[in-house]
>>> print(open('upload.cif').read())   # mmCIF, C-alpha atoms
data_start
#
loop_
_atom_site.label_atom_id
_atom_site.label_comp_id
_atom_site.auth_asym_id
_atom_site.auth_seq_id
_atom_site.Cartn_x
_atom_site.Cartn_y
_atom_site.Cartn_z
CA MET A 157 89.32 120.10 -6.96
CA PRO A 158 92.43 117.86 -6.73
CA GLN A 159 92.75 116.00 -3.43
CA ASN A 160 96.02 117.66 -2.44
CA VAL A 161 94.62 121.22 -2.58
CA LYS A 162 91.42 120.57 -0.68
CA LEU A 163 90.91 122.67 2.43
CA TYR A 164 90.15 120.68 5.57
CA GLN A 165 88.81 122.08 8.82
CA PHE A 166 89.13 119.97 11.98
CA ILE A 167 86.36 121.20 14.23
CA ASN A 168 85.11 120.56 17.77
CA CYS A 169 88.58 119.84 19.10
CA TYR A 170 91.22 120.90 21.58
CA ILE A 171 94.79 121.44 20.42
CA ILE A 172 98.24 122.06 21.91
CA ARG A 173 99.72 125.40 20.96
CA GLU A 174 102.28 127.54 22.79
CA HIS A 175 102.57 124.82 25.46
CA LYS A 176 98.88 125.06 26.34
CA ILE A 177 95.71 123.13 25.56
CA ILE A 178 93.21 125.44 23.88
CA ARG A 179 89.88 125.09 22.09
CA GLU A 180 90.55 125.87 18.45
CA ASP A 181 90.01 124.44 14.98
CA ILE A 182 92.86 123.23 12.80
CA TRP A 183 92.92 124.11 9.11
CA VAL A 184 94.96 121.97 6.71
CA ARG A 185 95.83 122.27 3.04
CA ASN A 186 98.62 120.69 0.99
CA GLY A 187 99.71 118.76 4.08
CA LYS A 188 100.37 121.93 6.09
CA ILE A 189 98.64 123.66 8.97
CA ILE A 190 97.49 127.05 7.73
CA ASP A 191 96.44 130.32 9.34
CA PRO A 192 92.63 130.68 9.19
CA GLU A 193 92.89 134.48 9.10
CA LYS A 194 94.18 134.27 5.53
CA ILE A 195 91.22 132.07 4.65
CA PHE A 196 88.67 134.41 6.19
CA PHE A 197 90.07 137.76 5.09
CA ASP A 198 92.17 137.09 1.99
CA GLU A 199 90.70 134.05 0.26
CA LYS A 200 87.19 134.35 1.72
CA VAL A 201 86.46 130.66 1.24
CA VAL A 202 85.04 127.87 3.38
CA ALA A 203 86.44 124.41 4.02
CA ASP A 204 85.95 121.74 1.39
CA GLU A 205 85.53 119.21 4.18
CA LYS A 206 84.89 119.51 7.91
CA ILE A 207 86.06 116.76 10.24
CA ASP A 208 84.33 116.55 13.61
CA CYS A 209 86.86 115.58 16.31
CA LYS A 210 84.16 115.12 18.95
CA LYS A 211 85.93 117.21 21.57
CA LYS A 212 89.08 115.10 21.43
CA LEU A 213 92.62 116.45 21.87
CA LEU A 214 94.90 116.96 18.86
CA ALA A 215 98.60 116.79 19.72
CA PRO A 216 101.68 116.96 17.47
CA GLY A 217 102.72 113.58 16.12
CA PHE A 218 105.30 111.75 18.22
CA ILE A 219 108.93 111.61 17.11
CA GLU A 220 110.92 108.57 18.20
CA LEU A 221 114.68 109.14 18.27
CA GLN A 222 115.74 105.71 19.52
CA ILE A 223 114.05 102.52 18.42
CA ASN A 224 115.97 99.37 17.52
CA GLY A 225 113.10 97.50 15.91
CA GLY A 226 109.91 95.68 16.79
CA TYR A 227 107.55 92.85 15.84
CA GLY A 228 110.46 90.46 15.42
CA TYR A 229 112.55 92.80 13.27
CA ASP A 230 115.86 94.41 14.22
CA PHE A 231 117.20 97.31 12.17
CA SER A 232 120.71 95.94 12.71
CA PHE A 233 119.92 92.82 10.66
CA GLN A 234 121.09 93.11 7.06
CA ASP A 235 118.82 90.45 5.58
CA ARG A 236 115.42 91.94 6.50
CA THR A 237 116.06 95.67 6.82
CA GLU A 238 113.54 96.93 4.25
CA GLU A 239 110.87 94.49 5.41
CA GLY A 240 111.43 95.42 9.05
CA LEU A 241 111.42 99.13 8.32
CA ALA A 242 108.11 98.81 6.51
CA ILE A 243 106.39 96.70 9.16
CA VAL A 244 107.68 98.63 12.18
CA GLY A 245 107.01 101.97 10.48
CA LYS A 246 103.41 100.92 9.81
CA LYS A 247 102.84 99.60 13.33
CA LEU A 248 104.23 102.76 14.94
CA LEU A 249 101.26 104.67 13.57
CA GLU A 250 99.07 102.80 16.06
CA TYR A 251 101.05 104.41 18.89
CA GLY A 252 100.98 107.97 17.55
CA VAL A 253 104.52 107.97 16.13
CA THR A 254 104.60 109.95 12.88
CA ALA A 255 108.41 110.11 12.47
CA PHE A 256 111.34 108.07 13.78
CA CYS A 257 115.06 107.39 13.63
CA PRO A 258 115.64 103.64 13.14
CA THR A 259 118.50 102.77 15.47
CA VAL A 260 121.45 100.51 14.68
CA VAL A 261 123.36 99.26 17.71
CA THR A 262 127.07 98.39 17.81
CA SER A 263 127.66 95.97 14.94
CA PRO A 264 130.41 94.63 12.65
CA THR A 265 131.53 97.10 9.97
CA GLU A 266 129.98 95.08 7.17
CA ILE A 267 126.56 95.40 8.82
CA TYR A 268 126.72 99.19 8.71
CA HIS A 269 127.78 99.14 5.06
CA LYS A 270 124.77 97.03 4.12
CA VAL A 271 122.13 98.40 6.50
CA LEU A 272 122.67 102.18 6.55
CA PRO A 273 122.05 102.69 2.79
CA ARG A 274 118.59 101.21 3.40
CA LEU A 275 117.73 103.66 6.20
CA ALA A 276 117.60 106.80 4.09
CA PRO A 277 115.08 109.51 5.02
CA GLN A 278 111.68 108.90 3.47
CA GLN A 279 108.33 110.62 3.72
CA GLY A 280 105.66 108.88 5.76
CA GLY A 281 102.06 108.18 4.82
CA GLN A 282 99.64 105.28 4.74
CA HIS A 283 102.62 102.94 4.45
CA GLY A 284 104.17 104.08 7.75
CA ALA A 285 105.84 106.80 9.79
CA THR A 286 108.36 109.19 8.27
CA VAL A 287 111.98 108.00 8.45
CA LEU A 288 114.21 110.88 9.55
CA GLY A 289 117.51 109.06 9.08
CA ALA A 290 119.38 106.56 11.22
CA HIS A 291 120.53 106.77 14.82
CA VAL A 292 123.78 104.82 15.12
CA GLU A 293 124.34 103.91 18.76
CA GLY A 294 128.00 102.94 18.71
CA PRO A 295 130.41 101.37 17.97
CA PHE A 296 132.46 104.29 19.33
CA ILE A 297 131.54 103.77 22.96
CA ASN A 298 133.25 102.73 26.19
CA LYS A 299 133.51 98.99 26.83
CA GLU A 300 133.05 99.60 30.56
CA LYS A 301 129.52 100.86 29.84
CA LYS A 302 128.68 98.69 26.86
CA GLY A 303 125.37 97.43 28.24
CA ALA A 304 123.92 95.09 25.63
CA HIS A 305 126.48 96.08 22.98
CA PRO A 306 128.96 93.34 21.93
CA SER A 307 132.44 94.29 23.14
CA CYS A 308 134.10 92.61 20.15
CA CYS A 309 132.60 95.23 17.82
CA ILE A 310 133.41 98.34 19.88
CA LEU A 311 135.91 100.67 18.19
CA THR A 312 137.87 103.87 18.76
CA TYR A 313 138.40 106.74 16.33
CA ASP A 314 142.13 107.25 16.64
CA GLU A 315 142.10 108.38 12.99
CA GLY A 316 139.34 110.93 13.59
CA VAL A 317 136.24 111.29 11.42
CA SER A 318 137.80 109.23 8.65
CA GLN A 319 137.45 106.24 10.99
CA LEU A 320 133.70 106.86 11.21
CA GLU A 321 133.42 107.08 7.43
CA LYS A 322 135.29 103.78 7.06
CA THR A 323 133.16 102.10 9.70
CA TYR A 324 129.76 103.35 8.55
CA GLY A 325 130.58 103.42 4.84
CA SER A 326 128.92 106.82 4.56
CA LEU A 327 127.48 109.42 6.93
CA ASP A 328 124.78 110.45 4.45
CA ASN A 329 121.81 108.65 6.06
CA ILE A 330 122.89 109.20 9.67
CA ARG A 331 120.90 111.71 11.75
CA VAL A 332 122.14 110.89 15.27
CA ILE A 333 125.36 109.30 16.54
CA THR A 334 125.80 108.10 20.13
CA LEU A 335 129.44 108.14 21.22
CA ALA A 336 131.56 108.22 24.38
CA PRO A 337 133.18 111.67 24.70
CA GLU A 338 136.17 110.35 26.70
CA LEU A 339 137.57 108.60 23.61
CA ILE A 340 140.71 110.08 22.04
CA ASN A 341 139.97 112.65 19.31
CA SER A 342 136.39 113.18 20.51
CA SER A 343 136.63 116.98 20.43
CA MET A 344 137.59 116.96 16.76
CA VAL A 345 135.02 114.30 15.90
CA VAL A 346 132.15 116.06 17.68
CA ARG A 347 132.93 119.38 16.00
CA ASP A 348 133.11 117.77 12.56
CA LEU A 349 129.86 115.85 12.97
CA THR A 350 128.06 118.93 14.24
CA ARG A 351 129.19 120.89 11.18
CA ARG A 352 127.62 118.14 9.07
CA ASN A 353 124.30 118.66 10.88
CA ILE A 354 124.52 115.28 12.61
CA VAL A 355 123.24 115.27 16.19
CA VAL A 356 125.93 114.04 18.57
CA SER A 357 124.56 112.23 21.60
CA LEU A 358 126.67 111.27 24.61
CA GLY A 359 126.19 107.78 25.98
CA HIS A 360 127.62 104.39 26.94
CA SER A 361 130.30 106.42 28.63
CA THR A 362 132.43 106.85 31.74
CA ALA A 363 132.90 110.57 31.09
CA ASN A 364 132.97 112.94 34.03
CA LEU A 365 131.18 116.29 34.04
CA ILE A 366 134.17 118.20 32.62
CA GLY A 367 134.37 115.77 29.72
CA GLY A 368 130.65 116.12 29.12
CA GLU A 369 130.87 119.91 29.21
CA GLU A 370 133.71 119.91 26.71
CA ALA A 371 131.74 117.71 24.32
CA HIS A 372 128.71 119.96 24.75
CA HIS A 373 130.87 123.02 24.02
CA ASN A 374 131.99 121.32 20.80
CA GLY A 375 128.40 120.74 19.68
CA ALA A 376 127.00 117.63 21.38
CA ASN A 377 123.45 118.50 22.43
CA LEU A 378 121.89 115.18 23.47
CA ILE A 379 122.42 112.50 26.12
CA THR A 380 121.43 108.93 25.25
CA HIS A 381 118.99 107.24 27.69
CA LEU A 382 119.90 109.29 30.77
CA PHE A 383 121.07 107.31 33.84
CA ASN A 384 121.55 104.14 31.77
CA ALA A 385 125.06 103.04 30.64
CA MET A 386 126.89 105.96 32.26
CA LEU A 387 128.56 106.77 35.56
CA PRO A 388 126.07 107.03 38.41
CA PHE A 389 125.48 110.45 39.91
CA HIS A 390 128.10 111.33 42.55
CA HIS A 391 128.04 114.49 44.63
CA ARG A 392 131.71 115.31 43.87
CA ASP A 393 131.46 114.58 40.16
CA PRO A 394 127.94 114.10 38.81
CA GLY A 395 129.17 112.81 35.44
CA LEU A 396 127.03 113.28 32.34
CA VAL A 397 123.96 113.57 34.54
CA GLY A 398 125.45 116.83 35.82
CA LEU A 399 124.96 118.43 32.39
CA LEU A 400 121.31 118.92 33.32
CA ALA A 401 122.37 121.54 35.87
CA SER A 402 125.66 122.68 34.35
CA GLU A 403 126.41 126.40 34.21
CA LYS A 404 127.86 125.77 30.74
CA VAL A 405 124.42 124.88 29.36
CA THR A 406 122.55 127.97 28.11
CA GLU A 407 119.39 128.87 26.20
CA LYS A 408 121.53 129.45 23.11
CA GLN A 409 123.33 126.13 23.55
CA PRO A 410 120.85 123.79 25.26
CA ILE A 411 121.22 120.16 26.23
CA PHE A 412 118.56 117.51 25.73
CA PHE A 413 118.36 114.03 27.18
CA GLY A 414 116.49 110.92 26.20
CA ILE A 415 114.78 109.07 29.00
CA ILE A 416 113.09 105.67 28.94
CA ALA A 417 109.94 106.14 31.02
CA ASP A 418 108.90 102.49 31.00
CA GLY A 419 109.15 102.23 34.78
CA ILE A 420 111.93 99.64 34.43
CA HIS A 421 115.01 101.27 32.90
CA THR A 422 114.58 104.41 34.96
CA HIS A 423 112.96 104.50 38.40
CA PRO A 424 110.02 106.90 38.64
CA ALA A 425 111.94 108.90 41.26
CA ALA A 426 114.86 109.32 38.84
CA VAL A 427 112.44 110.46 36.14
CA ARG A 428 111.04 113.02 38.58
CA ILE A 429 114.52 114.32 39.42
CA ALA A 430 115.43 114.78 35.75
CA TYR A 431 112.10 116.46 35.01
CA ARG A 432 112.38 118.90 37.90
CA VAL A 433 116.03 119.78 37.23
CA HIS A 434 115.82 120.33 33.47
CA PRO A 435 112.27 120.03 32.08
CA LYS A 436 113.04 121.79 28.78
CA GLY A 437 115.50 119.08 27.80
CA LEU A 438 113.49 115.93 28.50
CA ILE A 439 112.83 113.74 25.45
CA LEU A 440 110.82 110.56 25.74
CA VAL A 441 112.39 107.58 23.94
CA THR A 442 111.34 103.95 24.06
CA ASP A 443 114.63 102.27 23.06
CA ALA A 444 112.27 99.54 21.89
CA ILE A 445 113.82 96.34 20.56
CA SER A 446 112.75 93.59 18.19
CA ALA A 447 110.59 92.05 20.92
CA PHE A 448 108.36 95.15 21.01
CA GLY A 449 104.87 94.03 20.06
CA LEU A 450 105.67 90.32 20.63
CA GLU A 451 104.95 87.81 23.35
CA SER A 452 107.46 86.71 25.97
CA GLY A 453 110.25 84.48 24.69
CA GLN A 454 113.62 84.51 22.93
CA HIS A 455 114.51 87.17 20.36
CA LYS A 456 117.47 89.09 18.90
CA ILE A 457 118.89 92.60 19.33
CA GLY A 458 121.80 93.29 16.99
CA GLN A 459 124.27 90.44 17.45
CA LEU A 460 122.90 89.25 20.80
CA ASP A 461 120.30 86.74 21.90
CA ILE A 462 117.78 88.20 24.31
CA GLU A 463 114.89 86.97 26.42
CA VAL A 464 111.65 88.77 27.25
CA LYS A 465 110.08 87.94 30.58
CA ASN A 466 107.87 89.85 33.00
CA ASN A 467 107.59 92.76 30.50
CA MET A 468 111.39 93.19 30.52
CA ALA A 469 114.11 92.30 28.00
CA PHE A 470 117.43 90.79 29.12
CA ILE A 471 120.58 89.50 27.45
CA MET A 472 120.09 85.76 27.35
CA GLY A 473 121.27 84.08 30.55
CA THR A 474 121.88 87.37 32.39
CA GLU A 475 119.99 90.08 34.26
CA THR A 476 121.33 92.85 31.96
CA LEU A 477 118.56 94.97 30.48
CA CYS A 478 118.83 95.52 26.73
CA GLY A 479 116.17 97.92 25.54
CA SER A 480 112.48 98.19 26.26
CA ILE A 481 109.24 96.83 24.88
CA ALA A 482 107.24 99.94 25.75
CA SER A 483 105.29 102.13 23.31
CA MET A 484 105.65 105.88 23.06
CA ILE A 485 102.09 106.59 24.20
CA GLN A 486 102.70 104.33 27.20
CA CYS A 487 105.76 106.42 28.05
CA VAL A 488 103.66 109.59 27.75
CA ARG A 489 101.13 108.24 30.23
CA ASN A 490 103.92 107.09 32.55
CA LEU A 491 105.57 110.52 32.50
CA ILE A 492 102.33 112.12 33.61
CA LYS A 493 101.95 109.51 36.34
CA PHE A 494 105.58 109.62 37.53
CA THR A 495 106.05 113.39 37.62
CA GLY A 496 102.62 114.94 37.88
CA CYS A 497 103.44 117.05 34.83
CA SER A 498 100.71 118.48 32.63
CA PRO A 499 99.45 116.37 29.71
CA GLU A 500 100.59 119.01 27.26
CA TYR A 501 104.14 118.85 28.66
CA ALA A 502 104.28 115.05 28.38
CA LEU A 503 102.97 115.17 24.83
CA GLU A 504 105.54 117.81 23.86
CA ALA A 505 108.30 115.67 25.41
CA ALA A 506 107.39 113.10 22.75
CA SER A 507 107.05 115.60 19.90
CA LEU A 508 108.32 119.17 20.25
CA HIS A 509 111.46 118.36 22.25
CA PRO A 510 112.82 115.73 19.83
CA ALA A 511 112.02 118.08 16.94
CA GLN A 512 114.02 120.80 18.68
CA VAL A 513 117.11 118.66 19.13
CA LEU A 514 116.94 117.70 15.44
CA GLY A 515 116.47 121.34 14.41
CA ILE A 516 113.12 120.71 12.69
CA SER A 517 110.69 122.28 15.18
CA ASP A 518 109.41 124.67 12.52
CA GLN A 519 108.18 121.63 10.55
CA LYS A 520 107.38 118.91 13.06
CA GLY A 521 106.52 118.51 16.73
CA THR A 522 104.19 121.51 16.63
CA LEU A 523 100.75 122.58 15.47
CA ASN A 524 101.89 126.09 14.59
CA TYR A 525 100.95 127.61 11.24
CA GLY A 526 103.18 126.41 8.42
CA ALA A 527 104.14 123.15 10.13
CA ASP A 528 103.52 119.72 8.64
CA ALA A 529 100.04 118.48 9.51
CA ASP A 530 101.38 115.50 11.49
CA PHE A 531 99.26 114.94 14.58
CA VAL A 532 97.49 112.42 16.79
CA VAL A 533 93.93 112.49 18.05
CA LEU A 534 93.66 111.31 21.65
CA THR A 535 90.87 110.07 23.88
CA ASP A 536 90.32 111.39 27.39
CA ASP A 537 92.53 108.65 28.84
CA TYR A 538 95.31 109.28 26.28
CA GLU A 539 94.70 106.39 23.98
CA ILE A 540 95.36 106.87 20.27
CA SER A 541 92.11 107.49 18.39
CA SER A 542 93.75 108.30 15.05
CA THR A 543 97.08 109.33 13.55
CA TRP A 544 97.58 111.81 10.71
CA ILE A 545 100.56 112.56 8.46
CA ASN A 546 100.47 115.57 6.13
CA GLY A 547 96.77 115.94 6.88
CA GLU A 548 95.97 112.38 5.83
CA CYS A 549 94.53 109.84 8.25
CA VAL A 550 97.04 106.98 8.33
CA TYR A 551 95.60 105.11 11.32
CA ASP A 552 92.09 104.94 12.77
CA ALA A 553 91.50 102.88 15.91
CA GLU A 554 87.88 102.29 14.94
CA LEU A 555 88.72 100.64 11.62
#
>>> encode(input="upload.cif", output="structure tokens")
Amino acid sequence: MPQNVKLYQFINCYIIREHKIIREDIWVRNGKIIDPEKIFFDEKVVADEKIDCKKKLLAPGFIELQINGGYGYDFSFQDRTEEGLAIVGKKLLEYGVTAFCPTVVTSPTEIYHKVLPRLAPQQGGQHGATVLGAHVEGPFINKEKKGAHPSCCILTYDEGVSQLEKTYGSLDNIRVITLAPELINSSMVVRDLTRRNIVVSLGHSTANLIGGEEAHHNGANLITHLFNAMLPFHHRDPGLVGLLASEKVTEKQPIFFGIIADGIHTHPAAVRIAYRVHPKGLILVTDAISAFGLESGQHKIGQLDIEVKNNMAFIMGTETLCGSIASMIQCVRNLIKFTGCSPEYALEAASLHPAQVLGISDQKGTLNYGADADFVVLTDDYEISSTWINGECVYDAEL
């Protein structure tokens, strides 16, 4: 029987389904999770191969929406984009990430024109995690909240969406755009991008709550690294943070927010507040930079020189944070520690929730029947034992 039509049964395991951990086998064929009832009653066949999971937990593969690079590579560098994408994509498998959006920070126009064509969606496998398309964080942001973004490259879109097309060269490979909703023409731009099925994320912004609500009404459904590079919460105007409790946010039109749970970018108490106010919207992101996976020292992020010291990354010569060096599984463990949430919730914050904001939760971020067989096998202390994409083992910690 050809390899791709073999029937696999993962036995002796616990899985996450319907937001709960249950004891159940997983059946996989043609890279999809299939309903065993059809096997038992319609096909009346047995598995071609049984895989003993030794009572470990199977969780949906992690989806990383914001990662700038790692292992010395930055996705904003035009000279080594393909090489960096391959190496980082392969390394991410060790941390349970089965799909990701390589992130390009605010850069000169010519960088976008050369880099974005190389960040097209591609299926994952032994070579690395699935690429879902690029996340472009800028350059249409507010200089007052630029963070580690170079102010000389920050732009406005006075001409509307045509300005984005000129700047990026093409919108074809873009999956997420972070922008500041207070910029002129934002309403028109957000509506147009949403119609093109591009996720609009609000960030690096001085927008107040009303501005955030207007952008959300027009289709923006994500907030970039909550609490970071935005107005601080104020009791008279809570800013973008207030979207978590806004009356304008509904089940039919939800809001999600990325949060960096590395214990540095966001205080554990702030993580707890966000979790308790709006748990359905919390998405774990690492915002990892080129120094992820490297030793302390000097590195690059986009156009800037940075320094890693004491497990933190700073713009060279300053105390300005510029992305993390945390892994996704580390953020999962931190979320459990910081909030006291259930393990299944923390694991879904790294899988189901990002799939929901991208509109792909019927395919990824879940172990439901018909979904892609992308999952991680975890030890009792939430270390990655193995990672699987389309039912194929792409990383094994014991090898």
>>> residues_around(input="upload.cif", residues="Leu450 of chain A", least_positions_apart="4", cutoff="8 Å", atoms="only C-alpha atoms", output="PyMOL selection string")
chain A and resi 226-228
>>> resolve_selection(input="upload.cif", expression="the PyMOL selection byres ((chain A and resi 271-283) around 10)", output="PyMOL selection string")
chain A and resi 231-238+241-243+245-247+249+254-260+266-270+284-292+324-331+530+544-551
>>> residues_around(input="upload.cif", residues="Ala527 of chain A", least_positions_apart="3", cutoff="7 Å", atoms="only C-alpha atoms", output="PyMOL selection string")
chain A and resi 188-189+518-520+522-524
>>> write_last_selection(input="upload.cif", atoms="C-alpha atoms", output="tab-separated table (two decimals), keeping the file's coordinate frame")
chain	number	residue	atom	x	y	z
A	188	LYS	CA	100.37	121.93	6.09
A	189	ILE	CA	98.64	123.66	8.97
A	518	ASP	CA	109.41	124.67	12.52
A	519	GLN	CA	108.18	121.63	10.55
A	520	LYS	CA	107.38	118.91	13.06
A	522	THR	CA	104.19	121.51	16.63
A	523	LEU	CA	100.75	122.58	15.47
A	524	ASN	CA	101.89	126.09	14.59
>>> atom_distance(input="upload.cif", atom1="atom CA of Ala215 of chain A", atom2="atom CA of Ile416 of chain A")
20.5 Å
>>> atom_distance(input="upload.cif", atom1="atom CA of Glu475 of chain A", atom2="atom CA of Glu463 of chain A")
9.9 Å
>>> resolve_selection(input="upload.cif", expression="the PyMOL selection byres ((chain A and resi 176) around 12)", output="ChimeraX atom specification")
/A:170-175,177-180,213-215,498-504,522-523
>>> resolve_selection(input="upload.cif", expression="the PyMOL selection byres ((chain A and resi 434) around 12)", output="VMD selection string")
chain A and resid 397 to 402 405 to 407 410 to 414 427 to 433 435 to 439 505
>>> atom_distance(input="upload.cif", atom1="atom CA of Phe218 of chain A", atom2="atom CA of Val488 of chain A")
9.9 Å
>>> residues_around(input="upload.cif", residues="segment 302-312 of chain A", least_positions_apart="5", cutoff="7 Å", atoms="only C-alpha atoms", output="list in words")
Val261, Thr262, Ser263, Pro264, Pro295, Phe296, Ile297, Leu339, His360, Ala385, Ile471 and Cys478 of chain A
>>> residues_around(input="upload.cif", residues="His372 of chain A", least_positions_apart="4", cutoff="10 Å", atoms="all atoms listed in the file", output="list in words")
Pro337, Ser343, Val346, Arg347, Val356, Ser357, Leu358, Ile366, Gly367, Gly368, Ala376, Asn377, Leu378, Ile379, Leu399, Lys404, Val405, Gln409, Pro410 and Ile411 of chain A
>>> write_last_selection(input="upload.cif", atoms="C-alpha atoms", output="compact mmCIF listing (two decimals), keeping the file's coordinate frame")
# COMPACT_ATOMS: atom_id res chain seq x y z
CA PRO A 337 133.18 111.67 24.70
CA SER A 343 136.63 116.98 20.43
CA VAL A 346 132.15 116.06 17.68
CA ARG A 347 132.93 119.38 16.00
CA VAL A 356 125.93 114.04 18.57
CA SER A 357 124.56 112.23 21.60
CA LEU A 358 126.67 111.27 24.61
CA ILE A 366 134.17 118.20 32.62
CA GLY A 367 134.37 115.77 29.72
CA GLY A 368 130.65 116.12 29.12
CA ALA A 376 127.00 117.63 21.38
CA ASN A 377 123.45 118.50 22.43
CA LEU A 378 121.89 115.18 23.47
CA ILE A 379 122.42 112.50 26.12
CA LEU A 399 124.96 118.43 32.39
CA LYS A 404 127.86 125.77 30.74
CA VAL A 405 124.42 124.88 29.36
CA GLN A 409 123.33 126.13 23.55
CA PRO A 410 120.85 123.79 25.26
CA ILE A 411 121.22 120.16 26.23
